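Peer 1: If it helps, the file is called my_file39.pdb and holds PDB, C-alpha atoms and all ligand atoms:
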ATOM      1  CA  MET O   1     203.320  27.948 282.263
ATOM      2  CA  GLN O   2     205.303  30.372 284.332
ATOM      3  CA  ARG O   3     208.222  27.987 284.436
ATOM      4  CA  ARG O   4     208.098  27.540 280.671
ATOM      5  CA  LYS O   5     208.200  31.271 280.155
ATOM      6  CA  PHE O   6     211.082  31.507 282.574
ATOM      7  CA  LEU O   7     212.962  28.798 280.717
ATOM      8  CA  LYS O   8     212.509  30.516 277.395
ATOM      9  CA  LYS O   9     213.585  33.796 278.874
ATOM     10  CA  SER O  10     216.609  32.349 280.609
ATOM     11  CA  GLY O  11     217.563  30.482 277.450
ATOM     12  CA  LEU O  12     217.728  33.795 275.659
ATOM     13  CA  THR O  13     219.597  35.608 278.341
ATOM     14  CA  THR O  14     222.180  32.898 278.923
ATOM     15  CA  ALA O  15     222.951  32.442 275.243
ATOM     16  CA  GLY O  16     225.582  35.135 275.339
ATOM     17  CA  LEU O  17     227.008  34.245 278.730
ATOM     18  CA  MET O  18     229.281  31.415 277.876
ATOM     19  CA  SER O  19     231.677  30.309 280.491
ATOM     20  CA  ALA O  20     235.328  29.511 280.187
ATOM     21  CA  PRO O  21     236.108  26.103 281.617
ATOM     22  CA  VAL O  22     239.485  25.994 279.929
ATOM     23  CA  LEU O  23     241.514  29.066 279.239
ATOM     24  CA  ALA O  24     243.882  29.110 276.311
ATOM     25  CA  SER O  25     246.187  31.742 274.933
ATOM     26  CA  CYS O  26     245.749  33.026 271.412
ATOM     27  CA  LYS O  27     246.282  36.074 269.277
ATOM     28  CA  THR O  28     243.375  38.181 268.193
ATOM     29  CA  GLU O  29     243.189  40.670 265.334
ATOM     30  CA  ASN O  30     242.649  43.618 267.672
ATOM     31  CA  LYS O  31     245.696  42.851 269.764
ATOM     32  CA  PRO O  32     249.184  43.813 268.790
ATOM     33  CA  GLU O  33     251.483  40.939 267.764
ATOM     34  CA  ASN O  34     252.890  39.059 270.736
ATOM     35  CA  THR O  35     250.177  40.189 273.110
ATOM     36  CA  PRO O  36     248.390  37.094 274.242
ATOM     37  CA  ALA O  37     244.689  37.310 274.932
ATOM     38  CA  THR O  38     242.621  34.687 276.645
ATOM     39  CA  ILE O  39     239.668  33.165 274.887
ATOM     40  CA  SER O  40     237.347  30.537 276.159
ATOM     41  CA  VAL O  41     237.760  27.059 274.806
ATOM     42  CA  THR O  42     235.278  24.675 276.196
ATOM     43  CA  LYS O  43     236.007  20.982 276.271
ATOM     44  CA  PRO O  44     232.914  18.846 276.422
ATOM     45  CA  ILE O  45     232.932  15.850 278.690
ATOM     46  CA  ALA O  46     230.495  13.183 279.858
ATOM     47  CA  ILE O  47     231.006  11.018 282.926
ATOM     48  CA  CYS O  48     228.815   8.448 284.581
ATOM     49  CA  THR O  49     228.760   6.025 287.463
ATOM     50  CA  TRP O  50     230.086   2.553 286.686
ATOM     51  CA  ASN O  51     231.304   1.269 283.389
ATOM     52  CA  PHE O  52     228.373   2.197 281.168
ATOM     53  CA  VAL O  53     230.165   2.366 277.836
ATOM     54  CA  ASN O  54     227.108   2.744 275.645
ATOM     55  CA  ALA O  55     225.526   5.422 277.812
ATOM     56  CA  THR O  56     228.608   7.666 277.796
ATOM     57  CA  ALA O  57     229.123   7.001 274.083
ATOM     58  CA  LYS O  58     225.557   8.204 273.456
ATOM     59  CA  ALA O  59     226.079  11.310 275.591
ATOM     60  CA  TRP O  60     229.310  12.017 273.742
ATOM     61  CA  GLU O  61     227.567  11.657 270.373
ATOM     62  CA  VAL O  62     225.105  14.362 271.464
ATOM     63  CA  LEU O  63     227.889  16.650 272.719
ATOM     64  CA  GLU O  64     230.008  16.139 269.618
ATOM     65  CA  ASN O  65     227.108  17.144 267.403
ATOM     66  CA  ASP O  66     226.847  20.434 269.292
ATOM     67  CA  GLY O  67     224.023  19.142 271.455
ATOM     68  CA  ASN O  68     223.543  20.605 274.892
ATOM     69  CA  ALA O  69     224.486  18.966 278.177
ATOM     70  CA  LEU O  70     220.851  18.431 279.162
ATOM     71  CA  ASP O  71     220.078  16.405 276.025
ATOM     72  CA  ALA O  72     223.348  14.530 276.446
ATOM     73  CA  VAL O  73     222.623  13.339 279.978
ATOM     74  CA  GLU O  74     219.008  12.495 279.215
ATOM     75  CA  GLN O  75     219.825  10.502 276.102
ATOM     76  CA  GLY O  76     222.849   8.943 277.778
ATOM     77  CA  VAL O  77     221.005   7.504 280.764
ATOM     78  CA  MET O  78     218.069   6.451 278.557
ATOM     79  CA  VAL O  79     220.410   3.844 277.063
ATOM     80  CA  GLU O  80     220.566   2.112 280.433
ATOM     81  CA  GLU O  81     216.867   2.559 281.133
ATOM     82  CA  ALA O  82     216.118   0.677 277.929
ATOM     83  CA  ASP O  83     218.693  -2.054 278.547
ATOM     84  CA  VAL O  84     216.907  -5.045 280.073
ATOM     85  CA  ASN O  85     220.258  -6.528 281.049
ATOM     86  CA  ASN O  86     220.825  -3.697 283.484
ATOM     87  CA  GLU O  87     218.753  -4.978 286.373
ATOM     88  CA  THR O  88     218.846  -1.841 288.496
ATOM     89  CA  VAL O  89     217.689   0.781 286.014
ATOM     90  CA  GLY O  90     214.512   1.220 283.966
ATOM     91  CA  LYS O  91     213.044  -1.731 282.113
ATOM     92  CA  GLY O  92     214.397  -4.953 283.580
ATOM     93  CA  GLY O  93     215.056  -3.323 286.967
ATOM     94  CA  ARG O  94     214.537  -5.588 289.972
ATOM     95  CA  PRO O  95     211.210  -5.208 291.748
ATOM     96  CA  ASP O  96     210.373  -4.265 295.308
ATOM     97  CA  ARG O  97     209.431  -6.952 297.807
ATOM     98  CA  ASP O  98     205.850  -7.011 296.489
ATOM     99  CA  GLY O  99     207.060  -7.768 292.970
ATOM    100  CA  ASN O 100     206.500  -4.287 291.524
ATOM    101  CA  VAL O 101     209.205  -2.457 289.583
ATOM    102  CA  THR O 102     209.226   1.110 290.878
ATOM    103  CA  LEU O 103     211.585   3.664 289.395
ATOM    104  CA  ASP O 104     213.209   6.884 290.614
ATOM    105  CA  ALA O 105     214.879   9.490 288.385
ATOM    106  CA  CYS O 106     215.820  13.139 288.231
ATOM    107  CA  ILE O 107     217.428  15.653 285.932
ATOM    108  CA  MET O 108     218.937  19.098 286.481
ATOM    109  CA  ASP O 109     219.982  21.797 284.036
ATOM    110  CA  LYS O 110     222.423  24.681 283.880
ATOM    111  CA  ASP O 111     219.900  27.162 285.261
ATOM    112  CA  GLY O 112     219.195  25.140 288.382
ATOM    113  CA  ASN O 113     215.881  23.905 286.999
ATOM    114  CA  CYS O 114     215.163  20.339 287.990
ATOM    115  CA  GLY O 115     212.552  17.639 287.686
ATOM    116  CA  SER O 116     212.083  14.325 289.419
ATOM    117  CA  VAL O 117     209.812  11.308 289.534
ATOM    118  CA  VAL O 118     209.747   8.930 292.460
ATOM    119  CA  TYR O 119     208.142   5.525 292.833
ATOM    120  CA  ILE O 120     206.828   5.576 289.272
ATOM    121  CA  GLN O 121     205.688   2.297 287.665
ATOM    122  CA  ASN O 122     205.149   1.003 284.124
ATOM    123  CA  ILE O 123     207.232   3.667 282.397
ATOM    124  CA  GLU O 124     210.489   2.727 280.692
ATOM    125  CA  HIS O 125     212.074   6.178 280.715
ATOM    126  CA  PRO O 126     211.501   7.909 284.059
ATOM    127  CA  VAL O 127     214.299  10.401 283.299
ATOM    128  CA  SER O 128     212.275  11.756 280.378
ATOM    129  CA  VAL O 129     209.202  12.049 282.586
ATOM    130  CA  ALA O 130     211.385  13.937 285.092
ATOM    131  CA  ARG O 131     212.397  16.290 282.293
ATOM    132  CA  LYS O 132     208.743  16.840 281.418
ATOM    133  CA  VAL O 133     208.006  17.622 285.067
ATOM    134  CA  MET O 134     210.800  20.206 284.907
ATOM    135  CA  GLU O 135     209.723  21.753 281.629
ATOM    136  CA  GLU O 136     205.948  21.394 281.593
ATOM    137  CA  THR O 137     204.838  21.867 285.181
ATOM    138  CA  PRO O 138     205.493  24.370 287.955
ATOM    139  CA  HIS O 139     206.576  21.441 290.181
ATOM    140  CA  ILE O 140     209.781  19.532 290.790
ATOM    141  CA  ILE O 141     208.766  16.100 292.094
ATOM    142  CA  LEU O 142     205.847  13.901 291.070
ATOM    143  CA  ALA O 143     205.311  10.598 292.873
ATOM    144  CA  GLY O 144     203.707   7.225 292.244
ATOM    145  CA  LYS O 145     200.326   7.137 290.549
ATOM    146  CA  GLY O 146     200.335  10.872 289.914
ATOM    147  CA  ALA O 147     203.682  10.659 288.148
ATOM    148  CA  GLU O 148     202.469   7.717 286.080
ATOM    149  CA  GLN O 149     199.256   9.511 285.139
ATOM    150  CA  PHE O 150     201.259  12.591 284.158
ATOM    151  CA  ALA O 151     203.529  10.404 281.998
ATOM    152  CA  TYR O 152     200.529   9.035 280.059
ATOM    153  CA  GLU O 153     199.230  12.551 279.567
ATOM    154  CA  GLN O 154     202.620  13.422 278.102
ATOM    155  CA  GLY O 155     202.412  10.544 275.648
ATOM    156  CA  PHE O 156     204.525   7.908 277.393
ATOM    157  CA  LYS O 157     203.483   4.284 276.869
ATOM    158  CA  LYS O 158     202.538   1.791 279.545
ATOM    159  CA  GLU O 159     205.125  -1.004 279.711
ATOM    160  CA  ASP O 160     205.592  -4.127 281.773
ATOM    161  CA  LEU O 161     209.019  -3.521 283.297
ATOM    162  CA  LEU O 162     209.460  -6.944 284.856
ATOM    163  CA  THR O 163     211.384  -9.298 282.580
ATOM    164  CA  GLU O 164     211.557 -13.067 282.546
ATOM    165  CA  SER O 165     214.919 -12.880 284.305
ATOM    166  CA  THR O 166     213.865 -10.475 287.079
ATOM    167  CA  ARG O 167     210.580 -12.368 287.568
ATOM    168  CA  LYS O 168     212.521 -15.601 288.136
ATOM    169  CA  GLN O 169     215.007 -13.927 290.469
ATOM    170  CA  TYR O 170     212.128 -12.445 292.433
ATOM    171  CA  GLU O 171     210.442 -15.847 292.782
ATOM    172  CA  GLU O 172     213.768 -17.215 294.040
ATOM    173  CA  TRP O 173     214.203 -14.320 296.467
ATOM    174  CA  LYS O 174     210.732 -14.892 297.932
ATOM    175  CA  LYS O 175     211.864 -18.282 299.231
ATOM    176  CA  THR O 176     213.978 -16.542 301.885
ATOM    177  CA  SER O 177     212.762 -12.942 301.570
ATOM    178  CA  LYS O 178     216.078 -11.826 302.976
ATOM    179  CA  TYR O 179     216.776  -8.165 302.440
ATOM    180  CA  GLU O 180     220.441  -7.428 302.212
ATOM    181  CA  THR O 181     222.742  -5.543 299.909
ATOM    182  CA  THR O 182     225.696  -7.127 298.194
ATOM    183  CA  ILE O 183     228.495  -4.653 297.815
ATOM    184  CA  ASN O 184     229.184  -3.664 294.209
ATOM    185  CA  ILE O 185     227.031  -6.441 292.852
ATOM    186  CA  GLU O 186     223.323  -6.694 292.966
ATOM    187  CA  ASN O 187     222.066  -3.307 293.984
ATOM    188  CA  HIS O 188     224.480  -0.761 292.660
ATOM    189  CA  ASP O 189     224.062  -0.146 288.981
ATOM    190  CA  THR O 190     222.271   3.159 289.240
ATOM    191  CA  ILE O 191     223.392   5.493 286.514
ATOM    192  CA  GLY O 192     224.226   9.046 287.483
ATOM    193  CA  MET O 193     225.607  11.126 284.638
ATOM    194  CA  LEU O 194     227.148  14.590 284.366
ATOM    195  CA  ALA O 195     228.049  16.429 281.177
ATOM    196  CA  ILE O 196     229.572  19.695 280.049
ATOM    197  CA  ASP O 197     228.723  20.900 276.569
ATOM    198  CA  LYS O 198     230.556  23.138 274.111
ATOM    199  CA  ASN O 199     229.075  26.220 275.752
ATOM    200  CA  GLY O 200     230.591  25.148 279.055
ATOM    201  CA  ASP O 201     227.172  24.438 280.542
ATOM    202  CA  ILE O 202     226.695  21.567 282.950
ATOM    203  CA  ALA O 203     223.709  19.231 283.369
ATOM    204  CA  GLY O 204     223.106  15.971 285.193
ATOM    205  CA  ALA O 205     220.687  13.058 285.384
ATOM    206  CA  CYS O 206     220.273  10.075 287.653
ATOM    207  CA  THR O 207     217.977   7.056 287.237
ATOM    208  CA  THR O 208     217.441   3.763 289.073
ATOM    209  CA  SER O 209     215.048   1.054 290.138
ATOM    210  CA  GLY O 210     216.559   1.490 293.595
ATOM    211  CA  MET O 211     217.496  -1.228 296.036
ATOM    212  CA  ALA O 212     216.251  -4.627 294.934
ATOM    213  CA  TYR O 213     213.372  -6.035 297.018
ATOM    214  CA  LYS O 214     212.997  -2.782 298.933
ATOM    215  CA  VAL O 215     209.933  -2.113 301.065
ATOM    216  CA  ALA O 216     207.085  -0.973 298.813
ATOM    217  CA  GLY O 217     207.055   2.805 298.701
ATOM    218  CA  ARG O 218     210.754   3.223 299.466
ATOM    219  CA  VAL O 219     212.465   6.061 297.608
ATOM    220  CA  GLY O 220     216.263   6.348 297.548
ATOM    221  CA  ASP O 221     218.672   9.184 296.963
ATOM    222  CA  SER O 222     218.746   8.992 293.174
ATOM    223  CA  PRO O 223     215.704  11.210 292.440
ATOM    224  CA  ILE O 224     216.356  13.572 295.344
ATOM    225  CA  ILE O 225     217.926  16.794 294.140
ATOM    226  CA  GLY O 226     220.985  17.465 296.290
ATOM    227  CA  ALA O 227     221.315  13.842 297.394
ATOM    228  CA  GLY O 228     221.701  11.620 294.304
ATOM    229  CA  LEU O 229     222.423  14.522 291.977
ATOM    230  CA  TYR O 230     223.292  18.178 292.072
ATOM    231  CA  VAL O 231     224.468  20.666 289.478
ATOM    232  CA  ASP O 232     225.542  24.257 289.907
ATOM    233  CA  ASN O 233     226.620  25.734 286.619
ATOM    234  CA  GLU O 234     229.046  28.112 288.338
ATOM    235  CA  VAL O 235     230.863  25.324 290.113
ATOM    236  CA  GLY O 236     230.267  21.785 288.835
ATOM    237  CA  GLY O 237     228.130  18.738 289.408
ATOM    238  CA  ALA O 238     228.092  15.580 291.490
ATOM    239  CA  THR O 239     226.149  12.336 291.541
ATOM    240  CA  ALA O 240     226.001   9.178 293.618
ATOM    241  CA  THR O 241     225.350   5.472 293.614
ATOM    242  CA  GLY O 242     225.042   3.016 296.475
ATOM    243  CA  VAL O 243     222.900   2.839 299.574
ATOM    244  CA  GLY O 244     220.721   5.884 299.109
ATOM    245  CA  GLU O 245     219.708   6.280 302.731
ATOM    246  CA  GLU O 246     223.288   7.219 303.633
ATOM    247  CA  VAL O 247     223.586   9.641 300.728
ATOM    248  CA  ILE O 248     220.352  11.380 301.735
ATOM    249  CA  ARG O 249     221.539  11.766 305.328
ATOM    250  CA  THR O 250     224.479  13.881 304.169
ATOM    251  CA  VAL O 251     222.767  15.480 301.152
ATOM    252  CA  GLY O 252     225.802  14.049 299.419
ATOM    253  CA  SER O 253     225.835  15.570 295.947
ATOM    254  CA  PHE O 254     225.013  19.061 297.193
ATOM    255  CA  LEU O 255     227.751  18.710 299.782
ATOM    256  CA  ILE O 256     230.290  17.795 297.117
ATOM    257  CA  VAL O 257     229.370  20.727 294.890
ATOM    258  CA  GLU O 258     229.608  23.086 297.862
ATOM    259  CA  LEU O 259     233.027  21.656 298.761
ATOM    260  CA  MET O 260     234.155  22.334 295.186
ATOM    261  CA  ARG O 261     232.812  25.870 295.511
ATOM    262  CA  GLN O 262     235.069  26.296 298.536
ATOM    263  CA  GLY O 263     238.066  25.349 296.390
ATOM    264  CA  LYS O 264     238.347  21.586 296.649
ATOM    265  CA  SER O 265     239.050  19.588 293.511
ATOM    266  CA  PRO O 266     236.369  17.060 292.433
ATOM    267  CA  GLN O 267     238.591  14.317 293.833
ATOM    268  CA  GLU O 268     239.056  16.011 297.213
ATOM    269  CA  ALA O 269     235.364  16.863 297.417
ATOM    270  CA  CYS O 270     234.278  13.264 296.740
ATOM    271  CA  GLU O 271     236.717  11.997 299.367
ATOM    272  CA  GLU O 272     235.352  14.438 301.925
ATOM    273  CA  GLY O 273     231.781  13.397 301.014
ATOM    274  CA  VAL O 274     232.507   9.728 301.691
ATOM    275  CA  LYS O 275     234.384  10.586 304.902
ATOM    276  CA  ARG O 276     231.381  12.540 306.208
ATOM    277  CA  ILE O 277     229.225   9.471 305.612
ATOM    278  CA  MET O 278     231.709   7.187 307.323
ATOM    279  CA  LYS O 279     231.860   9.522 310.312
ATOM    280  CA  LYS O 280     228.174   8.828 310.848
ATOM    281  CA  ASN O 281     228.752   5.102 310.340
ATOM    282  CA  GLU O 282     231.919   4.393 312.274
ATOM    283  CA  GLY O 283     233.094   0.821 311.796
ATOM    284  CA  ARG O 284     230.249  -0.081 309.450
ATOM    285  CA  LYS O 285     231.411  -2.013 306.449
ATOM    286  CA  ASP O 286     228.218  -3.441 305.037
ATOM    287  CA  PHE O 287     227.407  -0.828 302.437
ATOM    288  CA  GLN O 288     228.864   0.770 299.356
ATOM    289  CA  ILE O 289     228.598   4.353 298.163
ATOM    290  CA  GLY O 290     230.349   5.877 295.194
ATOM    291  CA  PHE O 291     230.462   9.567 294.359
ATOM    292  CA  LEU O 292     231.701  11.220 291.232
ATOM    293  CA  ALA O 293     232.044  14.869 290.347
ATOM    294  CA  VAL O 294     233.122  17.267 287.656
ATOM    295  CA  ASN O 295     234.058  20.906 288.070
ATOM    296  CA  LYS O 296     233.652  23.815 285.698
ATOM    297  CA  LYS O 297     237.124  23.194 284.275
ATOM    298  CA  GLY O 298     236.138  19.692 283.282
ATOM    299  CA  GLU O 299     238.299  18.054 285.957
ATOM    300  CA  THR O 300     236.742  14.901 287.365
ATOM    301  CA  GLY O 301     237.094  12.787 290.475
ATOM    302  CA  GLY O 302     235.482   9.938 292.345
ATOM    303  CA  TYR O 303     235.674   8.129 295.660
ATOM    304  CA  CYS O 304     233.851   5.256 297.318
ATOM    305  CA  VAL O 305     233.516   3.283 300.528
ATOM    306  CA  HIS O 306     234.761  -0.090 299.252
ATOM    307  CA  PRO O 307     237.060  -0.912 296.328
ATOM    308  CA  GLY O 308     235.248  -1.721 293.124
ATOM    309  CA  PHE O 309     233.461   1.460 292.129
ATOM    310  CA  THR O 310     234.522   2.915 288.789
ATOM    311  CA  TYR O 311     233.283   5.704 286.562
ATOM    312  CA  ARG O 312     233.258   6.154 282.810
ATOM    313  CA  GLU O 313     234.651   9.282 281.296
ATOM    314  CA  TYR O 314     234.319  10.367 277.702
ATOM    315  CA  SER O 315     236.056  13.480 276.400
ATOM    316  CA  GLU O 316     238.228  14.408 273.461
ATOM    317  CA  ASN O 317     241.027  12.653 275.348
ATOM    318  CA  GLY O 318     239.275   9.346 274.922
ATOM    319  CA  HIS O 319     236.928   6.946 276.551
ATOM    320  CA  GLU O 320     237.984   5.286 279.738
ATOM    321  CA  ASN O 321     236.815   3.464 282.785
ATOM    322  CA  ARG O 322     238.415   5.179 285.768
ATOM    323  CA  GLN O 323     239.267   3.216 288.875
ATOM    324  CA  VAL O 324     238.305   4.978 292.060
ATOM    325  CA  GLN O 325     240.078   4.941 295.404
ATOM    326  CA  SER O 326     238.156   3.843 298.457
ATOM    327  CA  PHE O 327     237.794   4.535 302.164
ATOM    328  CA  TYR O 328     238.422   0.897 302.994
ATOM    329  CA  THR O 329     241.253  -0.565 301.024
ATOM    330  CA  GLY O 330     240.636  -4.266 301.527
TER     331      GLY O 330
HETATM  332  N1  LIG A 401     221.306   4.812 295.142
HETATM  333  C1  LIG A 401     220.302   3.867 294.744
HETATM  334  C2  LIG A 401     219.207   3.858 295.764
HETATM  335  O1  LIG A 401     219.482   3.951 296.944
HETATM  336  C3  LIG A 401     220.794   2.486 294.568
HETATM  337  C4  LIG A 401     222.085   2.293 293.874
HETATM  338  O2  LIG A 401     222.757   3.217 293.474
HETATM  339  O3  LIG A 401     222.460   1.168 293.707
HETATM  340  O4  LIG A 401     218.079   3.678 295.386
END
Show the structure stored in the file as structure tokens.
Ligand code: ASP
Peer 2:
Amino acid sequence: MQRRKFLKKSGLTTAGLMSAPVLASCKTENKPENTPATISVTKPIAICTWNFVNATAKAWEVLENDGNALDAVEQGVMVEEADVNNETVGKGGRPDRDGNVTLDACIMDKDGNCGSVVYIQNIEHPVSVARKVMEETPHIILAGKGAEQFAYEQGFKKEDLLTESTRKQYEEWKKTSKYETTINIENHDTIGMLAIDKNGDIAGACTTSGMAYKVAGRVGDSPIIGAGLYVDNEVGGATATGVGEEVIRTVGSFLIVELMRQGKSPQEACEEGVKRIMKKNEGRKDFQIGFLAVNKKGETGGYCVHPGFTYREYSENGHENRQVQSFYTG
């Protein structure tokens, strides 16, 4: 209840405090002719890990209709949660080694409020449960059975998340039960999304079924605030995909936002984030990590360990899949 009151209050107080991501010159009535004044012109933008066209298009639709960044990222990533062909997010995500689909998700708003669910089962949209945790409870993270119970109390439906395809793949996998990651292919379709709305406010969301065939109970970076996602409305936001254990060890997304605060561009900050990880993993080549970031000006950047990671960007300049440079080039 306290949190709700706080949210309402902060919503009121921040309404008049719009930021100025892009500064443009213009004339105002109070200024003499020829005296330029600066006004704030905010350019909305949505970016996400990988080439999720429909997810960014959805986020953009929200932003274009004057929706806020929080709604944009939630509704954007929900597209992937509902897509059974995306086998690492939401419904249709690959199971853990016991055959259970367990999902991780988090969301963060412009005021630093955040919500997260880890190891939740039978719920198609963990990001929306994470938002409920943020808005309806005094907590930040709910796990496992408790998170699932909370979701039912909030009106979410019980769903079987295993599909025919993932069931078959799991049966196949059991023949060898070999746990290994395949760079850029089987385990890395987590969606992390960042958006800036017309008010210049930033929000982010991240959702995944985690590493396929993981040990039961394993939680990755994606729902961990600061690791898989971080937003600071004064500075920017960052999110990650790839082997979560390595992202957690460096608190990757928080690190990138802090590097931007110190003056680095999103591109430079993502590069430094990956380099920190590689410093702890000298010579290791068997894992992928991709970071992406946006700053308050709407500039974006991304960097990864191996070639192949891309991010989608949607702004008034168009809709494109951006190639990302990598630590290893071959
Ligand atoms: N980061 C996710 C995790 O470790 C997996 C991924 O992005 O592919 O759970």
Peer 1: Which residues match the PyMOL selection byres (((not hetatm)) within 6 of (chain A and resi 401)) in the file above, as a list in words?
Peer 2: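 So the PyMOL selection byres (((not hetatm)) within 6 of (chain A and resi 401)), applied here, picks out Asn187, His188, Asp189, Thr190, Gly210, Met211, Gly220, Asp221, Ser222, Thr241, Gly242, Val243 and Gly244 of chain O.
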Peer 1: Around (223.6, 24.9, 269.6), as given in the file, which residues come within 10 Å? Count only C-alpha atoms and list them as an mmCIF file with C-alpha atoms, in the coordinates of the input.
Peer 2:
data_model
loop_
_atom_site.group_PDB
_atom_site.id
_atom_site.type_symbol
_atom_site.label_atom_id
_atom_site.label_comp_id
_atom_site.auth_asym_id
_atom_site.auth_seq_id
_atom_site.Cartn_x
_atom_site.Cartn_y
_atom_site.Cartn_z
ATOM 1 C CA ALA O 15 222.951 32.442 275.243
ATOM 2 C CA LEU O 63 227.889 16.650 272.719
ATOM 3 C CA ASN O 65 227.108 17.144 267.403
ATOM 4 C CA ASP O 66 226.847 20.434 269.292
ATOM 5 C CA GLY O 67 224.023 19.142 271.455
ATOM 6 C CA ASN O 68 223.543 20.605 274.892
ATOM 7 C CA ASP O 197 228.723 20.900 276.569
ATOM 8 C CA LYS O 198 230.556 23.138 274.111
ATOM 9 C CA ASN O 199 229.075 26.220 275.752
#
Peer 1: What is the distance, in Å and to one decimal place, between atom CA of O:Ile140 and atom CA of O:Phe254?
Peer 2: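 Computing it gives 16.5 Å between the two atoms.
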Peer 1: Quick one: which stretch 101-189 of chain O residues come within 8 Å of stretch 214-219 of chain O, and what is the nearest atom pair for each with the distance in Å to one decimal, counting all atoms listed in the file, rows ordered by chain and ascending number, as JSON lines?
Peer 2:
{"residue": "O:Asp104", "atom": "CA", "partner": "O:Val219", "partner_atom": "CA", "distance": 7.1}
{"residue": "O:Val118", "atom": "CA", "partner": "O:Val219", "partner_atom": "CA", "distance": 6.5}
{"residue": "O:Tyr119", "atom": "CA", "partner": "O:Val219", "partner_atom": "CA", "distance": 6.5}
{"residue": "O:Tyr179", "atom": "CA", "partner": "O:Lys214", "partner_atom": "CA", "distance": 7.5}
Peer 1: Using the chain letters and numbers from this file, what does the PyMOL selection byres (((chain O and resi 202) around 10) and not hetatm) select? Give the answer as a ChimeraX atom specification.
Peer 2: /O:44-46,68-70,73,108-112,194-201,203-204,231-237,294-296,298
